[in-house]
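J.: Structure below; questions to follow.
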Amino acid sequence: MNTVIIRIRRYIVVGMKGTSMKYNFSVLTIGLIILLVCIAGCTSTAPPTPEIKLSTVELSVMALQRDELPENYQIKERSEQVRSDVVQSALDLGWKKGYTVKFVQSDSNNLEITSIEQGISVYPIENIDKSLSLQRDESAKYTANTTIDDLSNPNISDQSQAYRITNKSDNSKSYAIDFIKQDVFESLRMSGTFTDYEILKELAQTAAEKIE
């Protein structure tokens with residue numbers, strides 16, 4: 001840039017010697033235009049910082065409601081979570097607050113046959129991406145009598161993952177879908193005698209749409 005300006009100044013000075021005032025003015029104008037073009041070309045505008053959007057609704061509002069589930073499901077448990085409910089690795093990520101709800105479907109003898117659980121947690125926005133791998137790692141810790149198989153990405157909200165957990169002793173299967181949106185992490189589980197992964201995906205999508 002300095003070299004360009006020096007050359008322009010020399011050009012202007014040389015042009016001014018032995019010429020008329022009108023010609024000098026023209027040379028000066030051309031020199032200024034070239035200078036401004038050089039400055040504009042060397043100056044770049046930084047891209048705008050993307051807006052960080054945080055959730056604004058209460059966790060109890062994000063939770064699934066009974067009428068959003070298939071028929072014959074009832075609420076067994078619904079509560080806020082406290083720090084003693086959360087694993088240390090989640091606290092280390094800055095876990096702020098959480099909410100959990102469990103729905104069950106019972107047979108004619110009032111025995112539970114299928115359950116659907118939803119866990120909701122809020123983390124600092126800078127750590128929210130890490131919550132997915134944290135959940136997967138925690139699930140893998142309890143594999144003494146189970147196997148975990150990753151399923152295709154359900155593509156829910158900002159990021160998501162899904163996997164199937166098989167109990168080796170009775171070959172029963174549970175399905176899990178985890179996703180994040182804004183600063184919220186959610187995990188949905190379906191387990192029991194009758195499981196339907198497609199229903200779980202629909203519920204996960206409904207849950208994601210409730211986050212604002």
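Labels used: A, B, ... for chains in the order of the structure tokens, numbers from 1 for residues in each chain, and numbers from 1 for ligands as shown.
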Excluding same-chain residues fewer than 6 positions from stretch 64-67 of chain A, what lies within 10 Å of it counting only C-alpha atoms, as JSON, numbers by chain?
T.: {"A": [73, 74, 75, 100, 101, 102, 103, 117, 118, 203, 204, 206, 207, 210]}
J.: As a VMD selection string, please: every residue in stretch 78-197 of chain A that a backbone DSSP assignment puts in strand (DSSP E).
T.: chain A and resid 78 to 81 97 to 106 112 to 122 146 to 150 159 to 167 173 to 181 184 to 192
J.: So which one's closest to A:Ala176, A:Pro124, A:Gly119, A:Pro70, A:Gly94? Using only C-alpha atoms, please.
T.: A:Gly119
J.: Here is a test: counting only C-alpha atoms, which residue of A:Thr166, A:Asn72, A:Ser89, A:Ser106 is nearest to A:Ser131?
T.: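 Smallest separation from A:Ser131 among the options: A:Ser89.
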J.: If you count only C-alpha atoms, which residues fall within 12 Å of A:Asn171, apart from same-chain ones fewer than 4 positions away, as a short mmCIF file (atom, residue, chain, number, x, y, z; two decimals) with N, CA and C atoms, in the first residue's frame?
T.:
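result32.cif was written with the following content:
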```cif
data_model
loop_
_atom_site.label_atom_id
_atom_site.label_comp_id
_atom_site.auth_asym_id
_atom_site.auth_seq_id
_atom_site.Cartn_x
_atom_site.Cartn_y
_atom_site.Cartn_z
N ASN A 145 -23.96 -56.41 29.95
CA ASN A 145 -24.94 -57.39 29.47
C ASN A 145 -25.74 -56.86 28.29
N THR A 146 -25.21 -55.82 27.65
CA THR A 146 -25.93 -55.22 26.52
C THR A 146 -24.98 -54.90 25.38
N THR A 147 -25.53 -54.70 24.22
CA THR A 147 -24.77 -54.21 23.08
C THR A 147 -25.44 -52.94 22.55
N ARG A 164 -29.51 -48.31 19.09
CA ARG A 164 -30.33 -49.38 19.64
C ARG A 164 -29.54 -50.11 20.72
N ILE A 165 -30.18 -50.38 21.83
CA ILE A 165 -29.55 -51.07 22.94
C ILE A 165 -30.23 -52.43 23.09
N THR A 166 -29.45 -53.50 22.99
CA THR A 166 -29.99 -54.86 23.05
C THR A 166 -29.52 -55.56 24.31
N ASN A 167 -30.47 -56.10 25.06
CA ASN A 167 -30.15 -56.86 26.26
C ASN A 167 -29.81 -58.30 25.85
N SER A 191 -38.50 -48.38 25.56
CA SER A 191 -38.10 -49.73 25.93
C SER A 191 -39.33 -50.51 26.38
N GLY A 192 -39.18 -51.83 26.41
CA GLY A 192 -40.28 -52.67 26.85
C GLY A 192 -40.58 -53.81 25.90
N THR A 193 -41.75 -54.38 26.05
CA THR A 193 -42.15 -55.53 25.25
C THR A 193 -42.41 -55.16 23.80
#
```
